[in-house]
$ cat target.txt   # compact mmCIF, C-alpha atoms
# COMPACT_ATOMS: atom_id res chain seq x y z
CA MET A 1 6.22 -1.88 -28.22
CA THR A 2 7.72 -0.40 -25.07
CA ASP A 3 7.98 -2.71 -22.10
CA ASP A 4 5.07 -1.99 -19.75
CA TRP A 5 5.07 -2.21 -15.99
CA VAL A 6 2.09 -2.57 -13.69
CA SER A 7 2.25 -1.05 -10.23
CA LEU A 8 0.51 -3.16 -7.57
CA PHE A 9 -1.04 -0.23 -5.79
CA SER A 10 -3.15 0.25 -2.68
CA GLY A 11 -2.66 3.96 -1.99
CA GLY A 12 -0.56 3.21 1.10
CA LYS A 13 2.96 4.51 1.59
CA ASP A 14 4.78 1.31 0.61
CA SER A 15 3.08 0.75 -2.75
CA ALA A 16 3.26 4.50 -3.43
CA TRP A 17 7.00 4.46 -2.77
CA ALA A 18 7.48 1.47 -5.09
CA LEU A 19 5.59 3.35 -7.79
CA TYR A 20 7.59 6.53 -7.23
CA ARG A 21 10.94 4.69 -7.33
CA ALA A 22 9.90 2.84 -10.50
CA LEU A 23 9.12 6.14 -12.21
CA GLU A 24 12.43 7.56 -10.96
CA GLU A 25 14.20 4.55 -12.49
CA GLY A 26 12.54 5.27 -15.83
CA LEU A 27 10.29 2.22 -15.87
CA ASN A 28 7.27 2.63 -18.14
CA VAL A 29 4.48 2.18 -15.59
CA SER A 30 1.39 2.10 -17.77
CA ARG A 31 -1.14 0.78 -15.25
CA LEU A 32 -1.87 0.91 -11.55
CA LEU A 33 -3.62 -2.21 -10.29
CA THR A 34 -5.66 -2.12 -7.10
CA VAL A 35 -7.35 -5.08 -5.44
CA HIS A 36 -10.46 -4.23 -3.38
CA PRO A 37 -11.10 -7.04 -0.88
CA ASP A 38 -14.41 -7.17 0.97
CA GLY A 39 -13.27 -7.68 4.55
CA ASP A 40 -9.89 -8.79 5.84
CA SER A 41 -7.02 -10.08 3.73
CA TYR A 42 -3.70 -11.85 4.22
CA MET A 43 -2.22 -10.47 1.00
CA TYR A 44 -3.69 -7.03 0.42
CA HIS A 45 -3.93 -3.64 2.08
CA VAL A 46 -7.63 -3.12 2.82
CA PRO A 47 -8.52 0.38 4.17
CA GLU A 48 -9.71 3.04 1.74
CA THR A 49 -8.43 1.41 -1.44
CA ARG A 50 -11.15 3.23 -3.42
CA LEU A 51 -9.02 6.38 -3.09
CA ALA A 52 -6.63 4.82 -5.62
CA ARG A 53 -8.85 6.29 -8.34
CA LEU A 54 -7.90 9.81 -7.26
CA VAL A 55 -4.23 8.89 -7.11
CA ALA A 56 -4.39 7.45 -10.62
CA GLU A 57 -5.91 10.70 -11.86
CA SER A 58 -3.30 12.78 -10.05
CA VAL A 59 -0.40 10.65 -11.33
CA GLY A 60 -1.86 10.33 -14.82
CA ILE A 61 -1.74 6.54 -15.08
CA ASP A 62 -4.71 4.31 -15.92
CA LEU A 63 -6.12 2.25 -13.07
CA VAL A 64 -7.18 -1.40 -13.20
CA GLU A 65 -9.45 -2.45 -10.34
CA VAL A 66 -9.89 -6.05 -9.20
CA GLU A 67 -12.99 -7.03 -7.22
CA PRO A 68 -12.37 -10.41 -5.55
CA GLY A 69 -15.34 -10.19 -3.18
CA ASP A 70 -15.09 -11.64 0.31
CA LEU A 71 -11.78 -13.49 0.61
CA LYS A 72 -12.98 -15.18 3.82
CA ALA A 73 -9.70 -14.41 5.57
CA GLU A 74 -11.37 -14.25 8.98
CA SER A 75 -12.31 -17.94 8.82
CA ALA A 76 -9.10 -19.21 7.22
CA GLU A 77 -7.51 -22.19 8.98
CA ASP A 78 -4.39 -22.46 6.81
CA SER A 79 -2.63 -19.14 6.22
CA GLY A 80 -0.50 -20.50 3.39
CA ALA A 81 -3.47 -21.86 1.48
CA GLN A 82 -5.34 -18.61 2.13
CA GLY A 83 -2.47 -16.52 0.74
CA ASP A 84 -2.32 -18.70 -2.37
CA ALA A 85 -6.07 -18.41 -2.91
CA GLU A 86 -6.04 -14.64 -2.46
CA LEU A 87 -3.35 -14.30 -5.12
CA GLU A 88 -5.49 -15.97 -7.79
CA PRO A 89 -7.64 -12.94 -8.79
CA LEU A 90 -4.52 -10.76 -9.04
CA GLU A 91 -2.75 -13.29 -11.23
CA ALA A 92 -5.84 -13.63 -13.42
CA ALA A 93 -5.98 -9.85 -13.90
CA LEU A 94 -2.31 -9.70 -14.86
CA THR A 95 -2.79 -12.60 -17.28
CA GLU A 96 -5.52 -10.59 -19.00
CA LEU A 97 -3.27 -7.52 -19.13
CA GLN A 98 -0.62 -9.56 -20.92
CA ASP A 99 -3.02 -9.71 -23.85
CA GLU A 100 -3.00 -5.91 -24.24
CA LEU A 101 0.40 -4.91 -22.87
CA ASP A 102 4.01 -5.85 -23.48
CA LEU A 103 4.17 -6.67 -19.78
CA ALA A 104 7.70 -6.57 -18.41
CA GLY A 105 6.95 -6.73 -14.70
CA VAL A 106 5.17 -5.45 -11.63
CA THR A 107 6.17 -3.17 -8.77
CA ALA A 108 5.43 -4.14 -5.17
CA GLY A 109 5.86 -2.35 -1.86
CA ALA A 110 6.91 -5.29 0.33
CA VAL A 111 9.43 -4.43 3.07
CA GLU A 112 9.83 -7.52 5.25
CA SER A 113 6.87 -9.82 4.59
CA GLU A 114 8.21 -13.06 3.10
CA PHE A 115 4.64 -14.38 3.14
CA GLN A 116 3.58 -11.81 0.55
CA THR A 117 6.84 -11.37 -1.35
CA HIS A 118 7.51 -15.05 -2.03
CA ARG A 119 4.00 -15.46 -3.40
CA ILE A 120 4.36 -12.45 -5.67
CA GLU A 121 7.76 -13.74 -6.83
CA GLY A 122 6.19 -17.10 -7.64
CA MET A 123 3.41 -15.39 -9.56
CA CYS A 124 5.94 -13.38 -11.56
CA ASP A 125 7.86 -16.55 -12.38
CA ARG A 126 4.68 -18.22 -13.66
CA LEU A 127 3.84 -15.18 -15.79
CA GLY A 128 7.41 -14.77 -17.04
CA ILE A 129 7.72 -11.19 -15.79
CA ASP A 130 10.03 -9.30 -13.43
CA LEU A 131 9.43 -7.91 -9.94
CA PHE A 132 10.59 -4.45 -8.88
CA ALA A 133 10.54 -4.30 -5.07
CA PRO A 134 12.69 -1.33 -4.01
CA LEU A 135 11.69 -1.48 -0.33
CA TRP A 136 12.60 -5.12 0.20
CA GLN A 137 14.91 -5.65 3.20
CA GLU A 138 15.67 -1.94 3.52
CA ASP A 139 16.12 -0.30 6.92
CA PRO A 140 12.67 0.89 8.09
CA ARG A 141 13.79 4.24 9.52
CA GLU A 142 15.91 5.02 6.47
CA LEU A 143 12.95 4.21 4.24
CA ALA A 144 10.64 6.43 6.26
CA ASP A 145 13.13 9.29 6.16
CA ALA A 146 13.53 8.85 2.39
CA MET A 147 9.77 9.10 1.91
CA LEU A 148 9.58 12.32 3.92
CA ASP A 149 12.67 13.79 2.24
CA ALA A 150 11.10 13.11 -1.16
CA GLY A 151 8.00 15.08 -0.15
CA PHE A 152 5.52 12.32 0.63
CA GLU A 153 2.57 13.40 2.78
CA ILE A 154 1.40 10.27 4.56
CA VAL A 155 -1.80 10.00 6.60
CA ILE A 156 -2.46 7.20 9.08
CA VAL A 157 -5.86 5.68 8.31
CA GLN A 158 -5.96 2.68 10.65
CA VAL A 159 -4.25 1.59 13.88
CA ALA A 160 -4.25 -1.72 15.76
CA ALA A 161 -1.37 -1.94 18.24
CA GLY A 162 -0.45 -1.18 21.83
CA GLY A 163 0.56 2.45 22.25
CA LEU A 164 -1.37 3.63 19.19
CA ASP A 165 -4.50 5.33 20.47
CA GLU A 166 -7.30 7.24 18.76
CA SER A 167 -5.14 10.36 18.43
CA TRP A 168 -3.12 8.60 15.71
CA LEU A 169 -6.12 8.33 13.37
CA GLY A 170 -5.76 10.91 10.61
CA ARG A 171 -2.33 11.92 11.88
CA THR A 172 0.43 12.83 9.41
CA LEU A 173 3.44 10.55 9.52
CA ASP A 174 6.15 13.18 10.03
CA GLU A 175 9.46 13.38 11.92
CA GLU A 176 7.72 13.82 15.26
CA ALA A 177 5.49 10.80 14.65
CA LEU A 178 8.48 8.70 13.58
CA GLY A 179 10.28 9.61 16.79
CA GLU A 180 7.27 8.47 18.81
CA LEU A 181 7.05 5.26 16.77
CA GLU A 182 10.69 4.51 17.58
CA GLU A 183 9.85 4.85 21.28
CA LEU A 184 6.83 2.56 20.83
CA ASN A 185 9.04 0.10 18.99
CA GLU A 186 11.33 -0.11 22.02
CA LYS A 187 8.43 -0.35 24.49
CA TYR A 188 5.89 -2.49 22.64
CA GLY A 189 7.68 -3.75 19.52
CA VAL A 190 5.60 -1.58 17.19
CA HIS A 191 7.17 -1.64 13.73
CA ILE A 192 8.21 1.83 12.59
CA LEU A 193 6.59 1.27 9.18
CA GLY A 194 3.64 -0.75 10.50
CA GLU A 195 4.83 -3.94 8.82
CA GLY A 196 3.09 -6.07 11.41
CA GLY A 197 -0.28 -4.47 10.70
CA GLU A 198 0.17 -1.98 13.55
CA PHE A 199 -1.04 0.82 11.29
CA GLU A 200 -2.09 1.51 7.71
CA THR A 201 -1.55 4.65 5.67
CA PHE A 202 -2.61 6.63 2.62
CA VAL A 203 -0.39 9.00 0.65
CA VAL A 204 -2.23 12.24 -0.12
CA ASP A 205 0.66 13.95 -1.89
CA GLY A 206 4.08 13.26 -3.33
CA PRO A 207 6.48 14.31 -6.10
CA HIS A 208 4.89 11.84 -8.51
CA MET A 209 1.45 13.43 -8.06
CA GLU A 210 0.29 16.56 -9.87
CA ARG A 211 -2.48 17.38 -7.40
CA ARG A 212 -2.81 16.76 -3.67
CA ILE A 213 -5.78 14.81 -2.32
CA GLU A 214 -7.91 16.51 0.32
CA LEU A 215 -9.66 14.18 2.76
CA GLU A 216 -12.64 14.59 5.05
CA TYR A 217 -13.43 11.74 7.42
CA ASP A 218 -15.01 10.41 10.57
CA THR A 219 -13.15 8.23 13.05
CA GLU A 220 -14.15 4.86 14.47
CA TRP A 221 -12.55 3.62 17.72
CA ASP A 222 -13.44 0.50 19.71
CA GLY A 223 -11.07 1.04 22.62
CA THR A 224 -8.09 -0.86 21.25
CA ARG A 225 -8.12 -0.23 17.51
CA GLY A 226 -9.73 2.08 15.00
CA ARG A 227 -9.81 3.59 11.54
CA ILE A 228 -10.95 6.62 9.65
CA ARG A 229 -13.95 6.46 7.34
CA ILE A 230 -13.65 8.80 4.37
CA THR A 231 -16.71 11.01 3.94
CA ASP A 232 -15.28 13.08 1.09
CA ALA A 233 -12.12 13.02 -0.98
CA ARG A 234 -11.14 15.31 -3.84
CA LEU A 235 -8.18 16.56 -5.82
CA GLU A 236 -7.12 20.07 -4.86
$ encode --input "target.txt" --output "structure tokens"
Amino acid sequence: MTDDWVSLFSGGKDSAWALYRALEEGLNVSRLLTVHPDGDSYMYHVPETRLARLVAESVGIDLVEVEPGDLKAESAEDSGAQGDAELEPLEAALTELQDELDLAGVTAGAVESEFQTHRIEGMCDRLGIDLFAPLWQEDPRELADAMLDAGFEIVIVQVAAGGLDESWLGRTLDEEALGELEELNEKYGVHILGEGGEFETFVVDGPHMERRIELEYDTEWDGTRGRIRITDARLE
């Protein structure tokens, strides 16, 4: 059997880049795996994860979906214990996949979060598999430029930081936006890639995708933060 890789995939730019780089490296990514939390999460990207189904169809890789229910992150008193608990349904899903795949490893889109990365590394050690994390400790602006140079079309789907107003919802993350984010980084400390939860994204097109995803949406804004709510999504 050929060694199989599973891409931990949310639809956001970081997991999409990890998937793209894995394919570029010739890794046999045979599954995408998406976790759909109900409510907030310490470990997982939350907004619009259901769109992963369209990405899987566009990329041509089977999708595994994990439904952990409400992770109760909002009421967590111990972040470490919460992160460990949230990892359990993902580890259980990968354990099941080991029964049907020659599982070599997983891809992950972590850039700077030791909280997430160390837990995923520990999980991989327990499962006896490798971790491919091509974004880890890379320069944020260089990573963003690489994504755009490769042809990624990235849409901002959620914002929650000073300087990011309602006009950012649904905006494409392009060179102009990156320039503004650098200014906001200097003024407010906004991370250029949103690593602190300042914003969340979805990749509607890229070189690894055969068909672009068209989105229709409404916006929700409470005065300090907001998100888009997808009303229709389809492959072009």
$ atom_distance --input "target.txt" --atom1 "CA of Ala150 in chain A" --atom2 "CA of Phe199 in chain A"
21.3 Å
$ closest_atom_pairs --input "target.txt" --of "range 5-50 of chain A" --to "range 57-69 of chain A" --cutoff "9 Å" --atoms "all atoms listed in the file" --output "CSV"
residue,atom,partner,partner_atom,distance
A:Val29,CA,A:Ile61,CA,7.6
A:Ser30,CA,A:Ile61,CA,6.1
A:Arg31,CA,A:Asp62,CA,5.1
A:Leu32,CA,A:Leu63,CA,4.7
A:Leu33,CA,A:Val64,CA,4.7
A:Thr34,CA,A:Glu65,CA,5.0
A:Val35,CA,A:Val66,CA,4.6
A:His36,CA,A:Glu67,CA,5.4
A:Pro37,CA,A:Gly69,CA,5.8
A:Asp38,CA,A:Gly69,CA,5.2
A:Gly39,CA,A:Gly69,CA,8.4
$ atom_distance --input "target.txt" --atom1 "CA of Leu103 in chain A" --atom2 "CA of Asp4 in chain A"
4.8 Å
$ residues_near_point --input "target.txt" --point "(3.9, 12.8, -7.5)" --cutoff "9 Å" --atoms "only C-alpha atoms" --output "ChimeraX atom specification"
/A:20,58-59,151-152,205-212
$ residues_around --input "target.txt" --residues "Leu173 in chain A" --least-positions-apart "2" --cutoff "9 Å" --atoms "all atoms listed in the file" --output "VMD selection string"
chain A and resid 144 148 153 to 156 171 175 to 178 201
$ residues_around --input "target.txt" --residues "Asp222 in chain A" --least-positions-apart "5" --cutoff "12 Å" --atoms "all atoms listed in the file" --output "ChimeraX atom specification"
/A:158-160,165-166,227
$ closest_residue --input "target.txt" --among "A:Ala108, A:Leu235, A:Ile213, A:Ala76" --to "Ala16 in chain A" --atoms "all atoms listed in the file"
A:Ala108
$ atom_distance --input "target.txt" --atom1 "CA of Glu96 in chain A" --atom2 "CA of Ser75 in chain A"
29.6 Å
$ residues_around --input "target.txt" --residues "Asp218 in chain A" --least-positions-apart "2" --cutoff "12 Å" --atoms "all atoms listed in the file" --output "PyMOL selection string"
chain A and resi 157-158+166+169-170+215-216+220-221+226-232
